[in-house]
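Enquirer: My questions all concern the structure below.
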Protein chains: 2
Amino acid sequence: MTDVAQRKLDKIARRQVDKFDARRTELAVATLHTLAELGYARTSLREIAQNSEFSHGVLHYYFTDKRDLIVEAVRQYERVCVTKYDEVVAHATSADQLRDEFVAMFFGTLVQDATLHRLWYDLRDQSLYEEYFRADVLEIDGHREDMVWRVISRYAELREGTPATSPGTAYVTLDGIFQRALLHHFTGNAETVASLRAELPGVIDLLVA
Amino acid sequence: MTDVAQRKLDKIARRQVDKFDARRTELAVATLHTLAELGYARTSLREIAQNSEFSHGVLHYYFTDKRDLIVEAVRQYERVCVTKYDEVVAHATSADQLRDEFVAMFFGTLVQDATLHRLWYDLRDQSLYEEYFRADVLEIDGHREDMVWRVISRYAELREGTPATSPGTAYVTLDGIFQRALLHHFTGNAETVASLRAELPGVIDLLVA
DNA sequence: ATCAAGGCTTGACAGTCGTCAAGGAAAATC
DNA sequence: GATTTTCCTTGACGACTGTCAAGCCTTGAT
């Protein structure tokens, strides 16, 4: 086989692989939405397929089994959710501005992406029962911690102070507030969410005092 | 019917009710253990029955359906887990003692009752998907917050200071640390758990500074 | 134009689920 | 001791699950 022919075949192969991967992520996204809507416990392959434009059989063409599919959906989640606050950090010129915009985005995504956040906590806890995607969960959790730390350390910088806690503690504190706000958001308990929002600036200050 | 006969009947009726309730809680406890072991997603009625001394049919004699059973199991969890730290608070005579014993019990129950704690987070998140036991979850969450607040406010008292946050913020901070420690405990990541333990006293001080 | 390969649908499989009815065993009542 | 009531088991039902094989349709290569 000539070099030219070889290169041509490679190109074709690559195109096929690209197409294959594109379909995989397409189906992984459909899976993510289904999971966010129904939760891990009640998500079935047929339900996932109904949220895509294909039939249920196709899932076993692109994925070896359900686990493979869910792992891919989890990784898809990661791509969506771990750089949320970076633009806020990037263009904030004062501490107050950073804090206010962070709070706004914090509660903005809480409402806007509520089902997706609900899913994250579901998946993180499921990983305590089934090991198969725990590594991915830990990786995402680390990225979330990094994301929070970029905000807090930048805020300390603008305040000309230093963080009062480790990155891990800062993360779990803000994440705990987020979880609680999410619970009361789904309960329809708007005033509790509002009071959490009112408290958040003070907590941030506590983390850098 | 004479008064005596009436009272006798009442007594019998009460005994039957007591017996009925005793069986109910017995089965609810079996349900709780099954849930802790398998998680909400994979817990079936037949599996629950196998963790009791009865067959699967009996569950529909004492409970109207699966939801009824799970609600009762959730309430059973509440009875177990929301007074853990009260004895520590009661007999601590110095701030340092209270803090040290709290930390010890915090990480003691983390390891000892790990599967039960894992279940709590599972149930709390499931209540975001299905509303039927959300009220119970909110009630338990409130009791956990109260429990933490009894510790923190007493600690502040012994330190002759005042809490630096609201009860809610204090709770979610400690709970966030607990969740993270639980995750790394199940992962087998002992050094991360140890470093969270080393950090905890500092966080407590931060909450009352 | 023919043929092979890839992409997708359909339908079936074995297993599990919650639910419930029929009936046996045990206990309480008379 | 006989009879009614309570308690529990067994087995079945329809629905739903993940998985997979058979085959159709489309696409691209020759």
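Naming works like this for the structure tokens: A, B, ... for the chains as they're shown, residue 1 at the start of each chain, ligands 1 onward in shown order.
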Both chains have the same sequence, so superpose chain A on chain B over all Cα atoms paired in order and return it as a PDB file with C-alpha atoms, in the first residue's frame.
Expert:
```
ATOM      1  CA  MET A   1     -71.847  -3.590  78.020  1.00  0.00           C
ATOM      2  CA  THR A   2     -70.590  -2.943  81.535  1.00  0.00           C
ATOM      3  CA  ASP A   3     -67.811  -0.515  82.296  1.00  0.00           C
ATOM      4  CA  VAL A   4     -65.601  -3.360  83.383  1.00  0.00           C
ATOM      5  CA  ALA A   5     -66.083  -5.218  80.122  1.00  0.00           C
ATOM      6  CA  GLN A   6     -65.490  -2.034  78.177  1.00  0.00           C
ATOM      7  CA  ARG A   7     -62.253  -1.375  79.958  1.00  0.00           C
ATOM      8  CA  LYS A   8     -61.148  -4.909  79.348  1.00  0.00           C
ATOM      9  CA  LEU A   9     -61.793  -4.588  75.636  1.00  0.00           C
ATOM     10  CA  ASP A  10     -59.887  -1.324  75.571  1.00  0.00           C
ATOM     11  CA  LYS A  11     -56.965  -2.993  77.212  1.00  0.00           C
ATOM     12  CA  ILE A  12     -56.988  -5.760  74.646  1.00  0.00           C
ATOM     13  CA  ALA A  13     -57.263  -3.277  71.823  1.00  0.00           C
ATOM     14  CA  ARG A  14     -54.353  -1.325  73.208  1.00  0.00           C
ATOM     15  CA  ARG A  15     -52.259  -4.442  73.551  1.00  0.00           C
ATOM     16  CA  GLN A  16     -52.991  -5.301  69.929  1.00  0.00           C
ATOM     17  CA  VAL A  17     -52.057  -1.828  68.816  1.00  0.00           C
ATOM     18  CA  ASP A  18     -48.840  -2.009  70.801  1.00  0.00           C
ATOM     19  CA  LYS A  19     -47.994  -5.334  69.256  1.00  0.00           C
ATOM     20  CA  PHE A  20     -48.790  -4.006  65.819  1.00  0.00           C
ATOM     21  CA  ASP A  21     -46.585  -0.964  66.344  1.00  0.00           C
ATOM     22  CA  ALA A  22     -43.779  -3.072  67.746  1.00  0.00           C
ATOM     23  CA  ARG A  23     -43.745  -5.224  64.611  1.00  0.00           C
ATOM     24  CA  ARG A  24     -43.846  -2.119  62.454  1.00  0.00           C
ATOM     25  CA  THR A  25     -40.779  -0.638  64.072  1.00  0.00           C
ATOM     26  CA  GLU A  26     -39.058  -4.008  63.982  1.00  0.00           C
ATOM     27  CA  LEU A  27     -39.573  -4.140  60.239  1.00  0.00           C
ATOM     28  CA  ALA A  28     -38.641  -0.486  59.880  1.00  0.00           C
ATOM     29  CA  VAL A  29     -35.331  -1.223  61.575  1.00  0.00           C
ATOM     30  CA  ALA A  30     -34.704  -4.103  59.189  1.00  0.00           C
ATOM     31  CA  THR A  31     -35.489  -1.694  56.364  1.00  0.00           C
ATOM     32  CA  LEU A  32     -33.043   0.849  57.735  1.00  0.00           C
ATOM     33  CA  HIS A  33     -30.236  -1.680  57.802  1.00  0.00           C
ATOM     34  CA  THR A  34     -31.005  -2.851  54.300  1.00  0.00           C
ATOM     35  CA  LEU A  35     -31.050   0.715  53.019  1.00  0.00           C
ATOM     36  CA  ALA A  36     -27.750   1.444  54.738  1.00  0.00           C
ATOM     37  CA  GLU A  37     -26.222  -1.610  53.129  1.00  0.00           C
ATOM     38  CA  LEU A  38     -27.576  -1.304  49.588  1.00  0.00           C
ATOM     39  CA  GLY A  39     -28.681   2.300  49.217  1.00  0.00           C
ATOM     40  CA  TYR A  40     -32.065   3.627  48.185  1.00  0.00           C
ATOM     41  CA  ALA A  41     -31.677   2.662  44.543  1.00  0.00           C
ATOM     42  CA  ARG A  42     -31.131  -1.053  45.073  1.00  0.00           C
ATOM     43  CA  THR A  43     -33.252  -1.778  48.130  1.00  0.00           C
ATOM     44  CA  SER A  44     -36.151  -4.111  47.367  1.00  0.00           C
ATOM     45  CA  LEU A  45     -38.898  -5.442  49.585  1.00  0.00           C
ATOM     46  CA  ARG A  46     -37.688  -9.007  49.255  1.00  0.00           C
ATOM     47  CA  GLU A  47     -34.220  -7.954  50.312  1.00  0.00           C
ATOM     48  CA  ILE A  48     -35.649  -6.169  53.330  1.00  0.00           C
ATOM     49  CA  ALA A  49     -37.631  -9.230  54.302  1.00  0.00           C
ATOM     50  CA  GLN A  50     -34.501 -11.354  54.094  1.00  0.00           C
ATOM     51  CA  ASN A  51     -32.908  -9.032  56.641  1.00  0.00           C
ATOM     52  CA  SER A  52     -35.820  -9.763  58.973  1.00  0.00           C
ATOM     53  CA  GLU A  53     -37.185 -13.067  60.219  1.00  0.00           C
ATOM     54  CA  PHE A  54     -40.279 -12.866  58.036  1.00  0.00           C
ATOM     55  CA  SER A  55     -41.236 -13.371  54.433  1.00  0.00           C
ATOM     56  CA  HIS A  56     -41.764 -10.595  51.941  1.00  0.00           C
ATOM     57  CA  GLY A  57     -45.555 -10.741  52.060  1.00  0.00           C
ATOM     58  CA  VAL A  58     -45.700  -9.554  55.648  1.00  0.00           C
ATOM     59  CA  LEU A  59     -44.533  -6.081  54.636  1.00  0.00           C
ATOM     60  CA  HIS A  60     -47.888  -5.399  53.046  1.00  0.00           C
ATOM     61  CA  TYR A  61     -49.635  -6.512  56.172  1.00  0.00           C
ATOM     62  CA  TYR A  62     -47.935  -3.831  58.263  1.00  0.00           C
ATOM     63  CA  PHE A  63     -47.386  -1.164  55.619  1.00  0.00           C
ATOM     64  CA  THR A  64     -49.674   0.067  52.877  1.00  0.00           C
ATOM     65  CA  ASP A  65     -46.860   0.257  50.341  1.00  0.00           C
ATOM     66  CA  LYS A  66     -43.124   0.706  49.926  1.00  0.00           C
ATOM     67  CA  ARG A  67     -43.273   4.432  50.558  1.00  0.00           C
ATOM     68  CA  ASP A  68     -45.008   3.937  53.860  1.00  0.00           C
ATOM     69  CA  LEU A  69     -42.270   1.520  54.854  1.00  0.00           C
ATOM     70  CA  ILE A  70     -39.453   3.842  53.852  1.00  0.00           C
ATOM     71  CA  VAL A  71     -40.984   6.807  55.638  1.00  0.00           C
ATOM     72  CA  GLU A  72     -41.091   4.719  58.793  1.00  0.00           C
ATOM     73  CA  ALA A  73     -37.466   3.707  58.278  1.00  0.00           C
ATOM     74  CA  VAL A  74     -36.454   7.343  57.894  1.00  0.00           C
ATOM     75  CA  ARG A  75     -38.198   8.216  61.145  1.00  0.00           C
ATOM     76  CA  GLN A  76     -36.410   5.302  62.741  1.00  0.00           C
ATOM     77  CA  TYR A  77     -33.134   6.811  61.641  1.00  0.00           C
ATOM     78  CA  GLU A  78     -34.046  10.044  63.326  1.00  0.00           C
ATOM     79  CA  ARG A  79     -34.504   8.306  66.659  1.00  0.00           C
ATOM     80  CA  VAL A  80     -30.992   6.878  66.413  1.00  0.00           C
ATOM     81  CA  CYS A  81     -28.881   9.749  65.282  1.00  0.00           C
ATOM     82  CA  VAL A  82     -29.742  13.184  66.574  1.00  0.00           C
ATOM     83  CA  THR A  83     -28.653  13.124  70.193  1.00  0.00           C
ATOM     84  CA  LYS A  84     -25.171  11.723  69.671  1.00  0.00           C
ATOM     85  CA  TYR A  85     -23.266  14.657  71.107  1.00  0.00           C
ATOM     86  CA  ASP A  86     -25.538  15.597  73.958  1.00  0.00           C
ATOM     87  CA  GLU A  87     -23.726  13.630  76.613  1.00  0.00           C
ATOM     88  CA  VAL A  88     -20.467  15.204  75.516  1.00  0.00           C
ATOM     89  CA  VAL A  89     -22.012  18.632  75.923  1.00  0.00           C
ATOM     90  CA  ALA A  90     -23.553  17.713  79.243  1.00  0.00           C
ATOM     91  CA  HIS A  91     -20.466  16.571  81.127  1.00  0.00           C
ATOM     92  CA  ALA A  92     -17.747  18.712  79.559  1.00  0.00           C
ATOM     93  CA  THR A  93     -16.253  21.088  82.112  1.00  0.00           C
ATOM     94  CA  SER A  94     -13.782  22.931  79.923  1.00  0.00           C
ATOM     95  CA  ALA A  95     -13.715  24.233  76.376  1.00  0.00           C
ATOM     96  CA  ASP A  96     -10.751  22.091  75.416  1.00  0.00           C
ATOM     97  CA  GLN A  97     -12.386  18.992  76.779  1.00  0.00           C
ATOM     98  CA  LEU A  98     -15.600  19.684  74.901  1.00  0.00           C
ATOM     99  CA  ARG A  99     -13.759  20.294  71.686  1.00  0.00           C
ATOM    100  CA  ASP A 100     -11.551  17.230  71.980  1.00  0.00           C
ATOM    101  CA  GLU A 101     -14.375  14.905  72.892  1.00  0.00           C
ATOM    102  CA  PHE A 102     -16.543  16.306  70.147  1.00  0.00           C
ATOM    103  CA  VAL A 103     -13.810  15.672  67.599  1.00  0.00           C
ATOM    104  CA  ALA A 104     -13.316  12.166  68.926  1.00  0.00           C
ATOM    105  CA  MET A 105     -17.004  11.357  68.719  1.00  0.00           C
ATOM    106  CA  PHE A 106     -17.288  13.032  65.319  1.00  0.00           C
ATOM    107  CA  PHE A 107     -14.712  10.729  63.781  1.00  0.00           C
ATOM    108  CA  GLY A 108     -15.742   7.809  65.940  1.00  0.00           C
ATOM    109  CA  THR A 109     -19.273   7.704  64.575  1.00  0.00           C
ATOM    110  CA  LEU A 110     -17.931   8.438  61.106  1.00  0.00           C
ATOM    111  CA  VAL A 111     -16.194   5.077  61.119  1.00  0.00           C
ATOM    112  CA  GLN A 112     -18.524   3.116  63.349  1.00  0.00           C
ATOM    113  CA  ASP A 113     -21.821   4.153  61.748  1.00  0.00           C
ATOM    114  CA  ALA A 114     -20.435   4.824  58.306  1.00  0.00           C
ATOM    115  CA  THR A 115     -23.138   2.972  56.384  1.00  0.00           C
ATOM    116  CA  LEU A 116     -25.884   4.733  58.307  1.00  0.00           C
ATOM    117  CA  HIS A 117     -24.425   8.151  57.585  1.00  0.00           C
ATOM    118  CA  ARG A 118     -24.033   7.221  53.958  1.00  0.00           C
ATOM    119  CA  LEU A 119     -27.712   6.416  53.960  1.00  0.00           C
ATOM    120  CA  TRP A 120     -28.654   9.769  55.448  1.00  0.00           C
ATOM    121  CA  TYR A 121     -27.032  11.657  52.623  1.00  0.00           C
ATOM    122  CA  ASP A 122     -28.620   9.319  50.140  1.00  0.00           C
ATOM    123  CA  LEU A 123     -32.062   9.887  51.611  1.00  0.00           C
ATOM    124  CA  ARG A 124     -31.642  13.631  51.856  1.00  0.00           C
ATOM    125  CA  ASP A 125     -30.767  13.780  48.191  1.00  0.00           C
ATOM    126  CA  GLN A 126     -33.530  11.386  47.180  1.00  0.00           C
ATOM    127  CA  SER A 127     -35.962  13.770  48.810  1.00  0.00           C
ATOM    128  CA  LEU A 128     -35.015  16.233  46.067  1.00  0.00           C
ATOM    129  CA  TYR A 129     -36.392  13.788  43.520  1.00  0.00           C
ATOM    130  CA  GLU A 130     -39.375  12.420  45.363  1.00  0.00           C
ATOM    131  CA  GLU A 131     -41.376  14.586  47.660  1.00  0.00           C
ATOM    132  CA  TYR A 132     -43.025  11.963  49.801  1.00  0.00           C
ATOM    133  CA  PHE A 133     -40.563  11.966  52.698  1.00  0.00           C
ATOM    134  CA  ARG A 134     -39.084  15.408  52.205  1.00  0.00           C
ATOM    135  CA  ALA A 135     -40.884  16.776  55.269  1.00  0.00           C
ATOM    136  CA  ASP A 136     -39.246  14.120  57.429  1.00  0.00           C
ATOM    137  CA  VAL A 137     -35.871  14.919  55.926  1.00  0.00           C
ATOM    138  CA  LEU A 138     -36.269  18.614  56.659  1.00  0.00           C
ATOM    139  CA  GLU A 139     -37.260  17.820  60.213  1.00  0.00           C
ATOM    140  CA  ILE A 140     -34.229  15.609  60.749  1.00  0.00           C
ATOM    141  CA  ASP A 141     -31.978  18.182  59.142  1.00  0.00           C
ATOM    142  CA  GLY A 142     -33.321  20.731  61.597  1.00  0.00           C
ATOM    143  CA  HIS A 143     -32.619  18.429  64.516  1.00  0.00           C
ATOM    144  CA  ARG A 144     -29.103  17.898  63.289  1.00  0.00           C
ATOM    145  CA  GLU A 145     -28.619  21.619  63.093  1.00  0.00           C
ATOM    146  CA  ASP A 146     -29.923  22.019  66.642  1.00  0.00           C
ATOM    147  CA  MET A 147     -27.570  19.303  67.828  1.00  0.00           C
ATOM    148  CA  VAL A 148     -24.562  21.044  66.290  1.00  0.00           C
ATOM    149  CA  TRP A 149     -25.687  24.358  67.693  1.00  0.00           C
ATOM    150  CA  ARG A 150     -25.870  22.962  71.200  1.00  0.00           C
ATOM    151  CA  VAL A 151     -22.227  21.997  70.858  1.00  0.00           C
ATOM    152  CA  ILE A 152     -21.057  25.262  69.300  1.00  0.00           C
ATOM    153  CA  SER A 153     -22.950  27.568  71.618  1.00  0.00           C
ATOM    154  CA  ARG A 154     -21.810  25.636  74.660  1.00  0.00           C
ATOM    155  CA  TYR A 155     -18.251  25.768  73.373  1.00  0.00           C
ATOM    156  CA  ALA A 156     -18.515  29.533  72.930  1.00  0.00           C
ATOM    157  CA  GLU A 157     -19.859  29.759  76.436  1.00  0.00           C
ATOM    158  CA  LEU A 158     -16.942  27.831  77.885  1.00  0.00           C
ATOM    159  CA  ARG A 159     -14.552  29.936  75.824  1.00  0.00           C
ATOM    160  CA  GLU A 160     -16.352  33.016  77.112  1.00  0.00           C
ATOM    161  CA  GLY A 161     -16.942  34.134  73.542  1.00  0.00           C
ATOM    162  CA  THR A 162     -19.827  34.141  71.093  1.00  0.00           C
ATOM    163  CA  PRO A 163     -20.503  32.113  67.954  1.00  0.00           C
ATOM    164  CA  ALA A 164     -19.230  33.741  64.779  1.00  0.00           C
ATOM    165  CA  THR A 165     -21.940  32.345  62.520  1.00  0.00           C
ATOM    166  CA  SER A 166     -25.606  31.480  62.445  1.00  0.00           C
ATOM    167  CA  PRO A 167     -26.677  27.999  63.529  1.00  0.00           C
ATOM    168  CA  GLY A 168     -27.298  27.095  59.896  1.00  0.00           C
ATOM    169  CA  THR A 169     -23.824  28.040  58.747  1.00  0.00           C
ATOM    170  CA  ALA A 170     -22.194  26.286  61.661  1.00  0.00           C
ATOM    171  CA  TYR A 171     -24.137  23.163  60.824  1.00  0.00           C
ATOM    172  CA  VAL A 172     -23.402  23.073  57.101  1.00  0.00           C
ATOM    173  CA  THR A 173     -19.715  23.696  57.729  1.00  0.00           C
ATOM    174  CA  LEU A 174     -19.325  20.773  60.084  1.00  0.00           C
ATOM    175  CA  ASP A 175     -21.638  18.634  57.993  1.00  0.00           C
ATOM    176  CA  GLY A 176     -19.611  19.426  54.891  1.00  0.00           C
ATOM    177  CA  ILE A 177     -16.479  18.258  56.643  1.00  0.00           C
ATOM    178  CA  PHE A 178     -18.302  15.138  57.717  1.00  0.00           C
ATOM    179  CA  GLN A 179     -19.459  14.361  54.207  1.00  0.00           C
ATOM    180  CA  ARG A 180     -16.001  14.815  52.831  1.00  0.00           C
ATOM    181  CA  ALA A 181     -14.480  12.649  55.527  1.00  0.00           C
ATOM    182  CA  LEU A 182     -17.093   9.989  54.823  1.00  0.00           C
ATOM    183  CA  LEU A 183     -16.265   9.978  51.126  1.00  0.00           C
ATOM    184  CA  HIS A 184     -12.576   9.509  51.800  1.00  0.00           C
ATOM    185  CA  HIS A 185     -13.280   6.962  54.503  1.00  0.00           C
ATOM    186  CA  PHE A 186     -15.113   4.764  52.008  1.00  0.00           C
ATOM    187  CA  THR A 187     -12.372   5.344  49.481  1.00  0.00           C
ATOM    188  CA  GLY A 188      -9.897   4.000  52.001  1.00  0.00           C
ATOM    189  CA  ASN A 189      -8.033   7.291  51.950  1.00  0.00           C
ATOM    190  CA  ALA A 190      -7.003   7.282  55.601  1.00  0.00           C
ATOM    191  CA  GLU A 191      -4.524  10.144  55.453  1.00  0.00           C
ATOM    192  CA  THR A 192      -7.126  12.546  54.092  1.00  0.00           C
ATOM    193  CA  VAL A 193      -9.470  11.584  56.916  1.00  0.00           C
ATOM    194  CA  ALA A 194      -6.623  12.144  59.363  1.00  0.00           C
ATOM    195  CA  SER A 195      -5.870  15.587  57.981  1.00  0.00           C
ATOM    196  CA  LEU A 196      -9.537  16.538  58.193  1.00  0.00           C
ATOM    197  CA  ARG A 197      -9.443  15.449  61.809  1.00  0.00           C
ATOM    198  CA  ALA A 198      -6.355  17.541  62.425  1.00  0.00           C
ATOM    199  CA  GLU A 199      -8.079  20.559  60.924  1.00  0.00           C
ATOM    200  CA  LEU A 200     -11.355  20.220  62.747  1.00  0.00           C
ATOM    201  CA  PRO A 201     -10.348  21.927  66.027  1.00  0.00           C
ATOM    202  CA  GLY A 202      -9.223  24.968  64.071  1.00  0.00           C
ATOM    203  CA  VAL A 203     -12.533  25.113  62.224  1.00  0.00           C
ATOM    204  CA  ILE A 204     -14.433  24.923  65.493  1.00  0.00           C
ATOM    205  CA  ASP A 205     -12.393  27.804  66.827  1.00  0.00           C
ATOM    206  CA  LEU A 206     -13.112  29.712  63.646  1.00  0.00           C
ATOM    207  CA  LEU A 207     -16.822  29.267  64.305  1.00  0.00           C
ATOM    208  CA  VAL A 208     -16.642  30.924  67.726  1.00  0.00           C
ATOM    209  CA  ALA A 209     -13.738  33.355  67.421  1.00  0.00           C
TER     210      ALA A 209
END
```
Enquirer: Taking only C-alpha atoms (C1' of nucleotides) into account, which residues of chain C are within 9 Å of chain B, as a compact mmCIF listing (two decimals) with C-alpha atoms (C1' of nucleotides), in the first residue's frame?
Expert:
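As written to disk, selection35.txt reads:
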```txt
# COMPACT_ATOMS: atom_id res chain seq x y z
C1' DC C 17 -39.74 -5.38 40.88
C1' DG C 18 -44.12 -3.97 43.84
C1' DT C 19 -48.44 -5.72 44.78
C1' DC C 20 -51.98 -8.69 46.19
```
Enquirer: Any idea which chain D residues end up within 10 Å of chain B if we count only C-alpha atoms (C1' of nucleotides), as a list in words please?
Expert: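 Result, ordered by chain then number: DT6, DC7, DC8, DT9 and DT10 of chain D.
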Enquirer: Residues within 10 Å of DT29 of chain C, please, as JSON, numbers by chain. Count only C-alpha atoms (C1' of nucleotides); anything in the same chain fewer than 6 positions from it doesn't count.
Expert: {"D": [3, 4, 5]}
Enquirer: Convert the current residue selection to file output with C-alpha atoms (C1' of nucleotides), as a PDB file, in the first residue's frame.
Expert:
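part-v8.pdb was written with the following content:
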```pdb
ATOM      1  C1'  DT D   3     -64.632 -20.959  66.648  1.00  0.00           C
ATOM      2  C1'  DT D   4     -63.356 -16.694  65.271  1.00  0.00           C
ATOM      3  C1'  DT D   5     -59.708 -13.467  64.587  1.00  0.00           C
TER       4       DT D   5
END
```
Enquirer: Can you pull out the residues contacting segment 2-6 of chain C? Cut-off 9 Å, using only C-alpha atoms (C1' of nucleotides), and skip same-chain residues under 2 positions away; I want them as an MDAnalysis selection string.
Expert: chainID D and resid 26:30
Enquirer: Could you give me the residues within segment 1-85 of chain A that DSSP places in alpha helix (DSSP H), as number ranges by chain?
Expert: A: 3-38, 45-50, 59-62, 66-81
